[in-house]
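upload_32.cif, holding mmCIF, C-alpha atoms and all ligand atoms:
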```
data_final
#
loop_
_atom_site.label_atom_id
_atom_site.label_comp_id
_atom_site.auth_asym_id
_atom_site.auth_seq_id
_atom_site.Cartn_x
_atom_site.Cartn_y
_atom_site.Cartn_z
CA MET V 788 12.26 27.24 -26.31
CA SER V 789 9.41 24.84 -26.67
CA LEU V 790 7.88 22.75 -23.97
CA GLN V 791 5.79 19.61 -24.23
CA CYS V 792 2.48 18.62 -22.74
CA GLY V 793 1.64 14.93 -22.81
CA ILE V 794 -1.98 13.88 -23.28
CA VAL V 795 -2.62 11.07 -20.85
CA GLY V 796 -5.63 8.94 -19.89
CA LEU V 797 -7.31 5.55 -20.10
CA PRO V 798 -7.82 4.03 -23.58
CA ASN V 799 -10.73 5.30 -25.65
CA VAL V 800 -11.44 8.44 -23.65
CA GLY V 801 -10.79 10.85 -26.53
CA LYS V 802 -7.07 11.60 -26.30
CA SER V 803 -6.31 11.18 -29.98
CA THR V 804 -9.47 13.02 -30.95
CA LEU V 805 -8.30 15.91 -28.85
CA PHE V 806 -4.75 15.64 -30.16
CA ASN V 807 -5.94 15.63 -33.76
CA ALA V 808 -8.09 18.66 -33.08
CA ILE V 809 -5.12 20.44 -31.58
CA SER V 810 -2.82 19.43 -34.40
CA THR V 811 -5.12 20.56 -37.17
CA GLY V 812 -6.29 23.58 -35.26
CA VAL V 813 -4.68 26.00 -37.62
CA ALA V 814 -7.78 28.15 -37.84
CA GLU V 815 -6.74 30.18 -34.81
CA ALA V 816 -3.26 30.78 -36.04
CA ALA V 817 -3.15 30.27 -39.76
CA ASN V 818 0.09 32.22 -39.97
CA TYR V 819 2.33 29.64 -38.42
CA PRO V 820 3.67 26.77 -40.45
CA PHE V 821 2.05 23.94 -38.59
CA CYS V 822 4.22 20.91 -38.51
CA THR V 823 4.38 17.51 -36.99
CA ILE V 824 7.70 16.37 -35.60
CA GLU V 825 6.61 12.80 -35.18
CA PRO V 826 3.22 11.30 -35.87
CA ASN V 827 2.29 11.79 -32.24
CA VAL V 828 3.88 15.17 -31.60
CA GLY V 829 1.94 18.22 -32.70
CA VAL V 830 3.27 21.75 -32.72
CA VAL V 831 0.60 24.31 -31.98
CA THR V 832 0.67 28.06 -31.86
CA VAL V 833 -0.42 29.72 -28.66
CA PRO V 834 -3.42 31.94 -29.38
CA ASP V 835 -2.78 35.47 -28.16
CA GLU V 836 -5.01 38.46 -28.81
CA ARG V 837 -2.20 40.84 -27.94
CA LEU V 838 -0.30 39.63 -30.97
CA ASP V 839 -3.25 40.63 -33.14
CA VAL V 840 -3.35 44.06 -31.52
CA LEU V 841 0.36 44.60 -32.15
CA THR V 842 0.04 43.37 -35.71
CA GLY V 843 -2.77 45.83 -36.34
CA LEU V 844 -0.68 48.74 -35.09
CA VAL V 845 2.74 47.85 -36.51
CA LYS V 846 1.57 46.22 -39.77
CA PRO V 847 4.67 44.05 -40.07
CA GLN V 848 5.66 41.90 -43.03
CA LYS V 849 5.62 38.83 -40.86
CA VAL V 850 3.94 37.70 -37.66
CA ILE V 851 5.30 34.79 -35.65
CA PRO V 852 3.32 33.48 -32.70
CA THR V 853 4.88 31.38 -30.03
CA ILE V 854 4.47 27.62 -29.96
CA MET V 855 3.98 24.63 -27.75
CA GLU V 856 4.09 20.92 -28.34
CA PHE V 857 1.51 18.30 -27.49
CA VAL V 858 2.23 14.59 -27.43
CA ASP V 859 -0.45 11.96 -27.95
CA ILE V 860 0.43 9.19 -25.54
CA ALA V 861 -1.23 5.82 -25.96
CA GLY V 862 -3.82 4.82 -23.38
CA LEU V 863 -2.69 3.49 -20.05
CA VAL V 864 -4.47 0.60 -18.40
CA LYS V 865 -4.59 -0.87 -14.95
CA GLY V 866 -1.31 -2.68 -14.40
CA ALA V 867 0.65 -0.43 -16.75
CA SER V 868 3.34 0.06 -14.14
CA GLN V 869 3.89 -3.70 -14.24
CA GLY V 870 4.03 -3.61 -18.01
CA ALA V 871 0.38 -4.29 -18.89
CA GLY V 872 -0.70 -2.93 -22.27
CA LEU V 873 2.84 -1.88 -23.21
CA GLY V 874 2.70 0.12 -20.03
CA ASN V 875 6.39 0.70 -19.53
CA LYS V 876 6.89 2.17 -22.95
CA PHE V 877 4.03 4.63 -22.50
CA LEU V 878 5.19 5.56 -19.05
CA ALA V 879 8.58 6.38 -20.55
CA ASN V 880 6.79 8.70 -22.99
CA ILE V 881 5.27 10.50 -20.05
CA ARG V 882 8.64 10.88 -18.40
CA GLU V 883 9.78 13.04 -21.30
CA VAL V 884 7.03 15.64 -21.14
CA ASP V 885 7.03 18.81 -19.05
CA ALA V 886 3.38 18.75 -18.06
CA ILE V 887 0.42 16.43 -18.21
CA VAL V 888 -2.99 16.95 -19.76
CA HIS V 889 -5.10 14.24 -18.22
CA VAL V 890 -8.16 13.47 -20.35
CA VAL V 891 -11.10 11.95 -18.49
CA ARG V 892 -14.17 10.49 -20.13
CA CYS V 893 -17.28 12.38 -19.09
CA PHE V 894 -19.50 11.42 -22.03
CA GLN V 895 -22.10 8.69 -22.36
CA ASP V 896 -22.03 6.79 -25.62
CA GLU V 897 -22.92 3.14 -25.85
CA ASN V 898 -21.01 2.86 -29.10
CA VAL V 899 -17.76 3.87 -27.51
CA VAL V 900 -16.39 1.10 -25.35
CA HIS V 901 -15.19 1.98 -21.90
CA VAL V 902 -12.34 -0.29 -20.76
CA GLU V 903 -13.90 -0.58 -17.31
CA GLY V 904 -17.41 -0.95 -18.68
CA ARG V 905 -18.89 2.18 -17.08
CA VAL V 906 -18.46 5.96 -17.05
CA ASP V 907 -16.89 7.06 -13.82
CA PRO V 908 -14.40 9.90 -14.24
CA VAL V 909 -13.22 9.97 -10.64
CA PHE V 910 -12.43 6.27 -10.57
CA ASP V 911 -10.80 6.51 -14.01
CA LYS V 912 -8.56 9.28 -12.82
CA GLU V 913 -7.60 7.23 -9.80
CA ILE V 914 -6.60 4.26 -11.98
CA ILE V 915 -4.19 6.45 -13.92
CA ASP V 916 -2.90 8.15 -10.79
CA ALA V 917 -2.27 4.81 -9.12
CA GLU V 918 -0.24 3.51 -12.07
CA LEU V 919 1.87 6.63 -12.22
CA GLN V 920 2.37 6.55 -8.47
CA LEU V 921 3.53 2.93 -8.56
CA LYS V 922 6.04 3.78 -11.23
CA ASP V 923 7.26 6.75 -9.19
CA LEU V 924 7.55 4.61 -6.11
CA GLU V 925 9.85 2.32 -8.07
CA SER V 926 12.08 5.27 -9.05
CA VAL V 927 12.10 6.67 -5.53
CA GLU V 928 12.98 3.33 -3.95
CA LYS V 929 15.81 2.81 -6.41
CA LYS V 930 17.28 6.17 -5.57
CA ILE V 931 16.83 5.64 -1.84
CA GLN V 932 18.90 2.47 -2.08
CA LYS V 933 21.70 4.33 -3.80
CA LEU V 934 21.63 7.20 -1.35
CA GLU V 935 21.59 4.98 1.69
CA LYS V 936 25.01 3.69 0.78
CA ALA V 937 26.37 7.22 0.36
CA ALA V 938 24.68 8.39 3.56
CA ARG V 939 26.31 5.58 5.51
CA THR V 940 29.73 6.85 4.49
CA GLY V 941 28.80 10.19 6.02
CA ASP V 942 27.89 12.08 2.87
CA ALA V 943 25.91 15.02 4.30
CA LYS V 944 24.28 15.95 1.00
CA ALA V 945 23.10 12.40 0.51
CA LYS V 946 21.53 12.44 3.96
CA VAL V 947 19.52 15.57 3.16
CA GLU V 948 18.34 14.11 -0.15
CA LEU V 949 17.54 10.83 1.49
CA ASP V 950 15.31 12.57 3.96
CA VAL V 951 13.41 14.29 1.14
CA LEU V 952 13.07 11.08 -0.82
CA LYS V 953 11.62 9.32 2.19
CA GLN V 954 9.01 12.04 2.37
CA TYR V 955 8.17 11.40 -1.27
CA LYS V 956 7.98 7.69 -0.57
CA GLY V 957 5.48 8.34 2.21
CA VAL V 958 3.34 10.54 0.00
CA LEU V 959 3.28 8.00 -2.82
CA GLU V 960 2.56 5.08 -0.51
CA SER V 961 -0.42 6.91 0.88
CA GLY V 962 -1.88 7.11 -2.64
CA GLN V 963 -1.09 10.75 -3.27
CA ASN V 964 0.78 12.32 -6.14
CA ALA V 965 4.35 13.53 -5.66
CA ARG V 966 3.30 17.06 -6.59
CA SER V 967 1.18 17.26 -3.46
CA LEU V 968 4.31 17.37 -1.27
CA ALA V 969 4.95 20.98 -0.28
CA ILE V 970 8.70 21.37 -0.35
CA ASP V 971 11.45 23.87 -0.98
CA PRO V 972 12.07 23.97 -4.77
CA GLU V 973 15.83 23.61 -4.43
CA LEU V 974 15.56 20.61 -2.15
CA LYS V 975 13.05 19.12 -4.54
CA GLU V 976 15.35 19.63 -7.53
CA ALA V 977 18.27 18.05 -5.68
CA ALA V 978 16.25 15.03 -4.60
CA ILE V 979 14.08 14.23 -7.60
CA GLY V 980 15.34 16.48 -10.41
CA ASP V 981 17.18 13.56 -11.96
CA ILE V 982 14.47 10.91 -11.66
CA GLN V 983 11.67 12.94 -13.25
CA LEU V 984 8.77 11.68 -11.16
CA LEU V 985 5.65 11.37 -13.28
CA THR V 986 3.26 12.53 -10.59
CA ALA V 987 5.47 15.53 -9.77
CA LYS V 988 4.79 17.05 -13.18
CA PRO V 989 2.17 19.78 -13.29
CA VAL V 990 -1.24 18.54 -14.41
CA LEU V 991 -4.52 19.83 -15.73
CA TYR V 992 -7.65 17.84 -16.43
CA VAL V 993 -9.82 17.76 -19.50
CA ALA V 994 -13.38 16.65 -18.87
CA ASN V 995 -14.38 15.27 -22.26
CA VAL V 996 -18.16 15.71 -22.26
CA ASP V 997 -20.79 15.19 -24.92
CA GLU V 998 -22.04 17.90 -27.19
CA THR V 999 -25.01 18.76 -25.01
CA ALA V 1000 -22.83 19.48 -21.98
CA MET V 1001 -20.19 21.50 -23.78
CA LEU V 1002 -21.21 24.83 -22.26
CA THR V 1003 -22.50 23.74 -18.90
CA GLY V 1004 -20.57 20.64 -18.01
CA ASN V 1005 -22.48 17.65 -16.61
CA GLU V 1006 -22.72 15.53 -13.49
CA TYR V 1007 -19.53 13.69 -14.46
CA SER V 1008 -17.44 16.79 -14.98
CA GLU V 1009 -18.78 18.19 -11.72
CA LYS V 1010 -17.74 15.05 -9.86
CA LEU V 1011 -14.30 15.30 -11.37
CA ARG V 1012 -14.04 18.95 -10.42
CA GLU V 1013 -15.02 18.12 -6.89
CA ALA V 1014 -12.49 15.28 -6.72
CA VAL V 1015 -9.52 17.38 -7.83
CA LYS V 1016 -10.45 20.51 -5.91
CA HIS V 1017 -7.84 19.87 -3.24
CA GLU V 1018 -5.15 19.56 -5.91
CA GLY V 1019 -5.79 23.11 -7.05
CA ALA V 1020 -5.66 21.81 -10.63
CA GLU V 1021 -7.65 23.29 -13.46
CA VAL V 1022 -10.48 21.33 -15.11
CA ILE V 1023 -11.31 22.25 -18.68
CA VAL V 1024 -14.66 21.11 -19.97
CA LEU V 1025 -14.83 20.46 -23.68
CA CYS V 1026 -16.24 18.06 -26.24
CA ALA V 1027 -13.28 16.60 -28.13
CA ALA V 1028 -15.49 15.27 -30.92
CA ILE V 1029 -16.94 18.72 -31.64
CA GLU V 1030 -13.60 20.46 -31.14
CA SER V 1031 -12.09 18.32 -33.85
CA GLN V 1032 -14.88 19.36 -36.22
CA ILE V 1033 -14.43 23.02 -35.36
CA ALA V 1034 -10.68 22.76 -35.80
CA GLU V 1035 -11.07 21.54 -39.35
CA ILE V 1036 -12.73 24.75 -40.48
CA GLU V 1037 -9.94 26.86 -41.86
CA ASP V 1038 -11.92 29.88 -42.98
CA GLU V 1039 -11.77 32.31 -40.10
CA GLU V 1040 -15.26 33.75 -40.53
CA GLU V 1041 -16.84 30.35 -40.88
CA HIS V 1042 -14.91 29.25 -37.84
CA GLU V 1043 -16.33 32.12 -35.80
CA MET V 1044 -19.83 31.35 -37.04
CA PHE V 1045 -19.51 27.74 -36.04
CA LEU V 1046 -18.36 28.70 -32.58
CA SER V 1047 -21.19 31.15 -32.05
CA GLU V 1048 -23.71 28.61 -33.28
CA TYR V 1049 -22.57 26.44 -30.41
CA GLY V 1050 -22.65 29.42 -28.09
CA LEU V 1051 -18.88 29.30 -27.59
CA LYS V 1052 -16.82 32.47 -27.24
CA GLU V 1053 -13.66 30.63 -28.12
CA SER V 1054 -12.82 27.06 -28.91
CA GLY V 1055 -12.07 24.69 -26.04
CA LEU V 1056 -8.75 24.11 -27.71
CA SER V 1057 -7.66 27.73 -27.37
CA LYS V 1058 -8.64 27.57 -23.75
CA LEU V 1059 -6.71 24.34 -23.29
CA ILE V 1060 -3.60 25.60 -25.04
CA ARG V 1061 -3.53 28.77 -23.00
CA ALA V 1062 -4.13 26.88 -19.77
CA SER V 1063 -1.31 24.45 -20.58
CA TYR V 1064 1.00 27.36 -21.30
CA ALA V 1065 0.17 28.90 -17.93
CA LEU V 1066 0.52 25.52 -16.23
CA LEU V 1067 4.13 25.39 -17.38
CA ASN V 1068 4.69 28.78 -15.77
CA LEU V 1069 5.31 30.33 -19.14
CA ILE V 1070 4.83 33.93 -20.17
CA THR V 1071 5.19 35.79 -23.44
CA TYR V 1072 7.12 38.86 -24.40
CA PHE V 1073 7.06 40.50 -27.80
CA THR V 1074 9.46 42.02 -30.25
CA ALA V 1075 7.84 44.43 -32.65
CA GLY V 1076 9.36 45.84 -35.81
CA VAL V 1077 8.06 46.49 -39.32
CA LYS V 1078 9.84 43.39 -40.57
CA GLU V 1079 8.47 41.11 -37.92
CA VAL V 1080 6.22 41.06 -34.92
CA ARG V 1081 6.96 38.06 -32.82
CA ALA V 1082 5.96 36.42 -29.57
CA TRP V 1083 8.64 34.73 -27.44
CA THR V 1084 8.21 32.24 -24.65
CA ILE V 1085 10.07 32.51 -21.37
CA GLU V 1086 9.52 31.31 -17.86
CA LYS V 1087 7.98 33.58 -15.28
CA GLY V 1088 10.73 35.23 -13.26
CA TRP V 1089 13.44 35.28 -15.92
CA LYS V 1090 15.63 38.36 -16.00
CA ALA V 1091 16.27 40.39 -19.14
CA PRO V 1092 19.56 38.76 -20.27
CA LYS V 1093 18.23 35.21 -20.00
CA SER V 1094 15.03 36.28 -21.75
CA ALA V 1095 17.09 37.82 -24.55
CA GLY V 1096 18.89 34.51 -24.88
CA VAL V 1097 15.84 32.81 -26.36
CA ILE V 1098 16.25 35.04 -29.42
CA HIS V 1099 19.98 34.41 -29.72
CA THR V 1100 22.70 33.38 -27.30
CA ASP V 1101 24.68 36.48 -28.37
CA PHE V 1102 21.87 38.65 -27.00
CA GLU V 1103 22.44 37.11 -23.60
CA LYS V 1104 26.24 37.05 -23.69
CA GLY V 1105 26.58 40.60 -24.91
CA PHE V 1106 23.57 42.05 -23.12
CA ILE V 1107 23.89 45.78 -22.45
CA ARG V 1108 20.36 46.95 -21.71
CA ALA V 1109 16.74 46.53 -22.70
CA GLU V 1110 14.20 49.08 -23.80
CA VAL V 1111 10.81 48.07 -22.53
CA ILE V 1112 7.34 49.17 -23.53
CA LYS V 1113 4.26 47.87 -21.75
CA ILE V 1114 1.72 46.57 -24.23
CA ALA V 1115 -1.03 48.72 -22.72
CA ASP V 1116 1.07 51.81 -23.47
CA PHE V 1117 1.66 50.68 -27.03
CA GLU V 1118 -2.08 50.25 -27.47
CA LYS V 1119 -2.73 53.68 -26.00
CA TYR V 1120 -0.12 55.66 -27.94
CA LYS V 1121 -0.27 53.51 -31.09
CA SER V 1122 3.41 53.68 -32.06
CA GLU V 1123 6.87 53.29 -30.59
CA ALA V 1124 7.68 56.93 -31.36
CA ALA V 1125 4.56 58.17 -29.58
CA VAL V 1126 5.29 55.94 -26.58
CA LYS V 1127 8.81 57.36 -26.35
CA GLU V 1128 7.53 60.92 -26.63
CA ALA V 1129 5.13 60.27 -23.78
CA GLY V 1130 8.08 59.08 -21.71
CA LYS V 1131 6.61 55.59 -21.35
CA MET V 1132 9.54 53.60 -22.62
CA SER V 1133 11.82 52.43 -19.85
CA VAL V 1134 15.45 51.46 -20.07
CA GLU V 1135 16.27 48.43 -17.96
CA GLY V 1136 19.43 46.64 -16.95
CA LYS V 1137 20.50 43.08 -16.18
CA GLU V 1138 18.34 42.75 -13.09
CA TYR V 1139 15.06 43.56 -14.82
CA VAL V 1140 12.53 40.73 -14.55
CA VAL V 1141 10.60 40.53 -17.81
CA GLU V 1142 6.82 40.68 -17.44
CA ASP V 1143 4.11 39.01 -19.47
CA GLY V 1144 3.25 41.23 -22.44
CA ASP V 1145 6.40 43.37 -22.39
CA ILE V 1146 7.58 44.64 -25.73
CA MET V 1147 11.34 44.29 -25.61
CA HIS V 1148 14.17 45.80 -27.57
CA PHE V 1149 17.55 44.45 -26.55
CA ARG V 1150 20.84 46.31 -26.93
CA PHE V 1151 23.83 44.02 -27.05
CA ASN V 1152 27.45 43.91 -27.98
CA VAL V 1153 29.39 40.91 -29.22
N1 LIG V 1201 -16.86 14.02 -26.42
C1 LIG V 1201 -17.09 12.91 -27.09
N2 LIG V 1201 -18.34 12.46 -27.26
C2 LIG V 1201 -18.57 11.31 -27.94
N3 LIG V 1201 -17.63 10.55 -28.49
C3 LIG V 1201 -16.36 10.93 -28.33
C4 LIG V 1201 -16.02 12.13 -27.64
N4 LIG V 1201 -14.68 12.26 -27.65
C5 LIG V 1201 -14.20 11.19 -28.32
N5 LIG V 1201 -15.20 10.39 -28.73
C6 LIG V 1201 -15.07 9.12 -29.46
O1 LIG V 1201 -14.43 8.18 -28.62
C7 LIG V 1201 -13.68 7.25 -29.39
C8 LIG V 1201 -12.30 7.11 -28.82
O2 LIG V 1201 -11.57 8.30 -29.05
P1 LIG V 1201 -9.99 8.34 -29.21
O3 LIG V 1201 -9.52 7.44 -30.26
O4 LIG V 1201 -9.65 9.77 -29.35
O5 LIG V 1201 -9.54 7.79 -27.78
P2 LIG V 1201 -8.09 7.58 -27.19
O6 LIG V 1201 -8.17 8.05 -25.80
O7 LIG V 1201 -7.07 8.18 -28.08
O8 LIG V 1201 -7.93 6.03 -27.19
P3 LIG V 1201 -6.57 5.11 -27.18
O9 LIG V 1201 -6.02 5.24 -25.82
O10 LIG V 1201 -7.07 3.77 -27.45
O11 LIG V 1201 -5.66 5.65 -28.22
C9 LIG V 1201 -13.73 7.75 -30.81
O12 LIG V 1201 -14.70 7.01 -31.50
C10 LIG V 1201 -14.18 9.20 -30.67
O13 LIG V 1201 -14.88 9.65 -31.78
MG MG V 1202 -5.37 7.34 -29.05
#
```
Re-express the file's structure as structure tokens.
Ligand SMILES: Nc1ncnc2c1ncn2[C@@H]1O[C@H](COP(=O)(O)OP(=O)(O)OP(=O)(O)O)[C@@H](O)[C@H]1O
Ligand SMILES: [Mg+2]
Amino acid sequence: MSLQCGIVGLPNVGKSTLFNAISTGVAEAANYPFCTIEPNVGVVTVPDERLDVLTGLVKPQKVIPTIMEFVDIAGLVKGASQGAGLGNKFLANIREVDAIVHVVRCFQDENVVHVEGRVDPVFDKEIIDAELQLKDLESVEKKIQKLEKAARTGDAKAKVELDVLKQYKGVLESGQNARSLAIDPELKEAAIGDIQLLTAKPVLYVANVDETAMLTGNEYSEKLREAVKHEGAEVIVLCAAIESQIAEIEDEEEHEMFLSEYGLKESGLSKLIRASYALLNLITYFTAGVKEVRAWTIEKGWKAPKSAGVIHTDFEKGFIRAEVIKIADFEKYKSEAAVKEAGKMSVEGKEYVVEDGDIMHFRFNV
């Protein structure tokens, strides 16, 4: 299971710089075969200290972290929803991703052209939002037309959906994003699940600042933070130009030194990758054996059989039970045997909801 985050923003704000940093950022996770699916899709490993802890205790032959994909989407401009600057093609790229990383320029640099001729992150963000909203409005209106016909023939389901879609229309027309509509998840899925509204996708913002503001942020990033406060979205402050330099350092020690020289505890990229993972409502469970210690991605709320299914469909079909160790217990008792002896391993059935950090052992029968 691998989900995609699309990197979105105006032209020349640092999207590709950030993408390249992410894509070459093997320093954090040198043990995963980094690969590129397409030139603009990068597979990154999700940094996870717990995996290091487990590896230290189990000493496996192989360690496999979990992954995520980032897509570098070309810059959108004003009018993109009407096709300006190849707009429609890029908007289609956004439709395919699961979440959006919206990069906003918060750095001053006369040598880097700003398409609007000035640095104003809040206004920039609004340009992008407006284009995405216009595109969504188009999709919503199309579907409303279809549903109106069905509703007229007395289709009750169509009437319910129509009502929801009209609410979305209202939200979009008032210049808000579809995600701001508070609505029952099932109703939402029925109404807009098939049309993949761009502004319904979860979002986080990257304030791309200059080197001097990397630790503290600056007036621009503050303005952005203030402007998105009501959205409840996260704002990550980083300097894409520096991040891409840091990412190129493969030697782990040197990498650490570089970070500490800048006063950073961890790279902005690690922060961004973890935040994106959380944004998608993803959690990690582990399997731990001497052959392999591995992190697996599932969605929050998944029960044991479905979670087992990400390893192999047989695990789900033939699920019998799961033996679960909490990672804190593994750390405390140092081995599976010691955990068992202490009575800290639990045996769970089909209804067990897997928690972040669980170490799972599935019993199955095919
Ligand atoms: N934090 C920063 N400080 C200073 N310069 C930066 C910063 N981040 C990126 N840049 C510079 O900004 C320029 C544009 O960056 P980049 O190509 O990544 O933008 P982009 O958003 O991908 O643009 P496009 O939409 O045209 O593809 C580059 O010259 C890059 O080095
Ligand atoms: Mg680019």
Would you kindly return, as a PyMOL selection string, each protein, DNA or RNA residue with an atom no farther than 8 Å from any atom of Lys1087 of chain V, considering all atoms listed in the file and excluding same-chain residues fewer than 5 positions away?
-> chain V and resi 1068-1070+1141-1143
Expected selection as a PDB file with C-alpha atoms, keeping the file's coordinate frame for ligand LIG 1201 (chain V) within 10 Å, all atoms listed in the file:
```pdb
ATOM      1  CA  ILE V 794      -1.980  13.880 -23.280  1.00  0.00           C
ATOM      2  CA  VAL V 795      -2.620  11.070 -20.850  1.00  0.00           C
ATOM      3  CA  GLY V 796      -5.630   8.940 -19.890  1.00  0.00           C
ATOM      4  CA  LEU V 797      -7.310   5.550 -20.100  1.00  0.00           C
ATOM      5  CA  PRO V 798      -7.820   4.030 -23.580  1.00  0.00           C
ATOM      6  CA  ASN V 799     -10.730   5.300 -25.650  1.00  0.00           C
ATOM      7  CA  VAL V 800     -11.440   8.440 -23.650  1.00  0.00           C
ATOM      8  CA  GLY V 801     -10.790  10.850 -26.530  1.00  0.00           C
ATOM      9  CA  LYS V 802      -7.070  11.600 -26.300  1.00  0.00           C
ATOM     10  CA  SER V 803      -6.310  11.180 -29.980  1.00  0.00           C
ATOM     11  CA  THR V 804      -9.470  13.020 -30.950  1.00  0.00           C
ATOM     12  CA  LEU V 805      -8.300  15.910 -28.850  1.00  0.00           C
ATOM     13  CA  PHE V 806      -4.750  15.640 -30.160  1.00  0.00           C
ATOM     14  CA  ASN V 807      -5.940  15.630 -33.760  1.00  0.00           C
ATOM     15  CA  ALA V 808      -8.090  18.660 -33.080  1.00  0.00           C
ATOM     16  CA  ASP V 859      -0.450  11.960 -27.950  1.00  0.00           C
ATOM     17  CA  ILE V 860       0.430   9.190 -25.540  1.00  0.00           C
ATOM     18  CA  ALA V 861      -1.230   5.820 -25.960  1.00  0.00           C
ATOM     19  CA  GLY V 862      -3.820   4.820 -23.380  1.00  0.00           C
ATOM     20  CA  LEU V 863      -2.690   3.490 -20.050  1.00  0.00           C
ATOM     21  CA  VAL V 864      -4.470   0.600 -18.400  1.00  0.00           C
ATOM     22  CA  VAL V 890      -8.160  13.470 -20.350  1.00  0.00           C
ATOM     23  CA  VAL V 891     -11.100  11.950 -18.490  1.00  0.00           C
ATOM     24  CA  ARG V 892     -14.170  10.490 -20.130  1.00  0.00           C
ATOM     25  CA  CYS V 893     -17.280  12.380 -19.090  1.00  0.00           C
ATOM     26  CA  PHE V 894     -19.500  11.420 -22.030  1.00  0.00           C
ATOM     27  CA  GLN V 895     -22.100   8.690 -22.360  1.00  0.00           C
ATOM     28  CA  ASP V 896     -22.030   6.790 -25.620  1.00  0.00           C
ATOM     29  CA  GLU V 897     -22.920   3.140 -25.850  1.00  0.00           C
ATOM     30  CA  ASN V 898     -21.010   2.860 -29.100  1.00  0.00           C
ATOM     31  CA  VAL V 899     -17.760   3.870 -27.510  1.00  0.00           C
ATOM     32  CA  VAL V 900     -16.390   1.100 -25.350  1.00  0.00           C
ATOM     33  CA  HIS V 901     -15.190   1.980 -21.900  1.00  0.00           C
ATOM     34  CA  VAL V 902     -12.340  -0.290 -20.760  1.00  0.00           C
ATOM     35  CA  ALA V 994     -13.380  16.650 -18.870  1.00  0.00           C
ATOM     36  CA  ASN V 995     -14.380  15.270 -22.260  1.00  0.00           C
ATOM     37  CA  VAL V 996     -18.160  15.710 -22.260  1.00  0.00           C
ATOM     38  CA  ASP V 997     -20.790  15.190 -24.920  1.00  0.00           C
ATOM     39  CA  GLU V 998     -22.040  17.900 -27.190  1.00  0.00           C
ATOM     40  CA  THR V 999     -25.010  18.760 -25.010  1.00  0.00           C
ATOM     41  CA  ALA V1000     -22.830  19.480 -21.980  1.00  0.00           C
ATOM     42  CA  MET V1001     -20.190  21.500 -23.780  1.00  0.00           C
ATOM     43  CA  VAL V1024     -14.660  21.110 -19.970  1.00  0.00           C
ATOM     44  CA  LEU V1025     -14.830  20.460 -23.680  1.00  0.00           C
ATOM     45  CA  CYS V1026     -16.240  18.060 -26.240  1.00  0.00           C
ATOM     46  CA  ALA V1027     -13.280  16.600 -28.130  1.00  0.00           C
ATOM     47  CA  ALA V1028     -15.490  15.270 -30.920  1.00  0.00           C
ATOM     48  CA  ILE V1029     -16.940  18.720 -31.640  1.00  0.00           C
ATOM     49  CA  GLU V1030     -13.600  20.460 -31.140  1.00  0.00           C
ATOM     50  CA  SER V1031     -12.090  18.320 -33.850  1.00  0.00           C
TER      51      SER V1031
END
```
Segment 828-839 of chain V environment, 6 Å, only C-alpha atoms, sequence neighbours closer than 6 positions dropped, as a list in words |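 With the cut-off at 6 Å, the set is Ser810, Cys822, Thr853, Ile854, Met855, Glu856, Phe857 and Val858 of chain V.
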Would you work out the distance separating atom CA of Tyr992 of chain V from atom CA of Ala1062 of chain V, expressed in Å to one decimal?
-> 10.3 Å
Centre, edges in Å (one decimal): axis-aligned box, segment 874-891 of chain V, 4 Å padding on all six sides, as lines of an AutoDock Vina configuration file:
```
center_x = -0.7
center_y = 9.5
center_z = -20.5
size_x = 28.9
size_y = 26.7
size_z = 12.9
```
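Coordinates place atom CA of Ile1033 of chain V at a distance of 25.2 Å from atom CA of Ala886 of chain V.
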As a check of understanding: the span from atom CA of Leu1056 of chain V to atom CA of Asp1145 of chain V is 25.1 Å
Go through V:Val1134, V:Leu844, V:Val888, V:Val1015 and flag the residue nearest Glu913 of chain V, using all atoms listed in the file for the distances.
->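 Closest to Glu913 of chain V, using all atoms listed in the file: V:Val1015.
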Among the residues V:Phe910, V:Glu1103, V:Glu935, V:Phe877, the one that comes closest to ligand MG 1202 (chain V) [using only C-alpha atoms and all ligand atoms] =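 Once distances to ligand MG 1202 (chain V) are computed over only C-alpha atoms and all ligand atoms, the minimum belongs to V:Phe877.
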Need to verify the contact set: Pro989 of chain V, 8 Å, only C-alpha atoms, exclusion of same-chain residues closer than 6 positions in sequence. Can you return it as a PDB file with C-alpha atoms, in the frame of the given file?
```
ATOM      1  CA  ASP V 885       7.030  18.810 -19.050  1.00  0.00           C
ATOM      2  CA  ALA V 886       3.380  18.750 -18.060  1.00  0.00           C
ATOM      3  CA  ILE V 887       0.420  16.430 -18.210  1.00  0.00           C
ATOM      4  CA  ARG V 966       3.300  17.060  -6.590  1.00  0.00           C
ATOM      5  CA  LEU V1066       0.520  25.520 -16.230  1.00  0.00           C
ATOM      6  CA  LEU V1067       4.130  25.390 -17.380  1.00  0.00           C
TER       7      LEU V1067
END
```
Among listed residues V:Ala977, V:Leu985, V:Leu841, V:Ala943, nearest Leu919 of chain V (using all atoms listed in the file) |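 Nearest candidate to Leu919 of chain V out of V:Ala977, V:Leu985, V:Leu841, V:Ala943: V:Leu985.
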Please determine the residues with any atom at most 9 Å from (16.1, 10.2, 0.7) (coordinates as given in the file, with all atoms listed in the file counting) and report them as an MDAnalysis selection string.
-> chainID V and resid 927:928 930:932 934:935 945:956 978
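Among the candidates V:Val840, V:Asn827, V:Lys1113, V:Gln983, the residue lying nearest to ligand MG 1202 (chain V) is V:Asn827 (atoms considered: only C-alpha atoms and all ligand atoms).
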Surrounding residues of Ile1107 of chain V excluding itself and chain neighbours under 5 positions, 9 Å, all atoms listed in the file, as a ChimeraX atom specification = /V:1092,1102,1136-1137,1149-1152
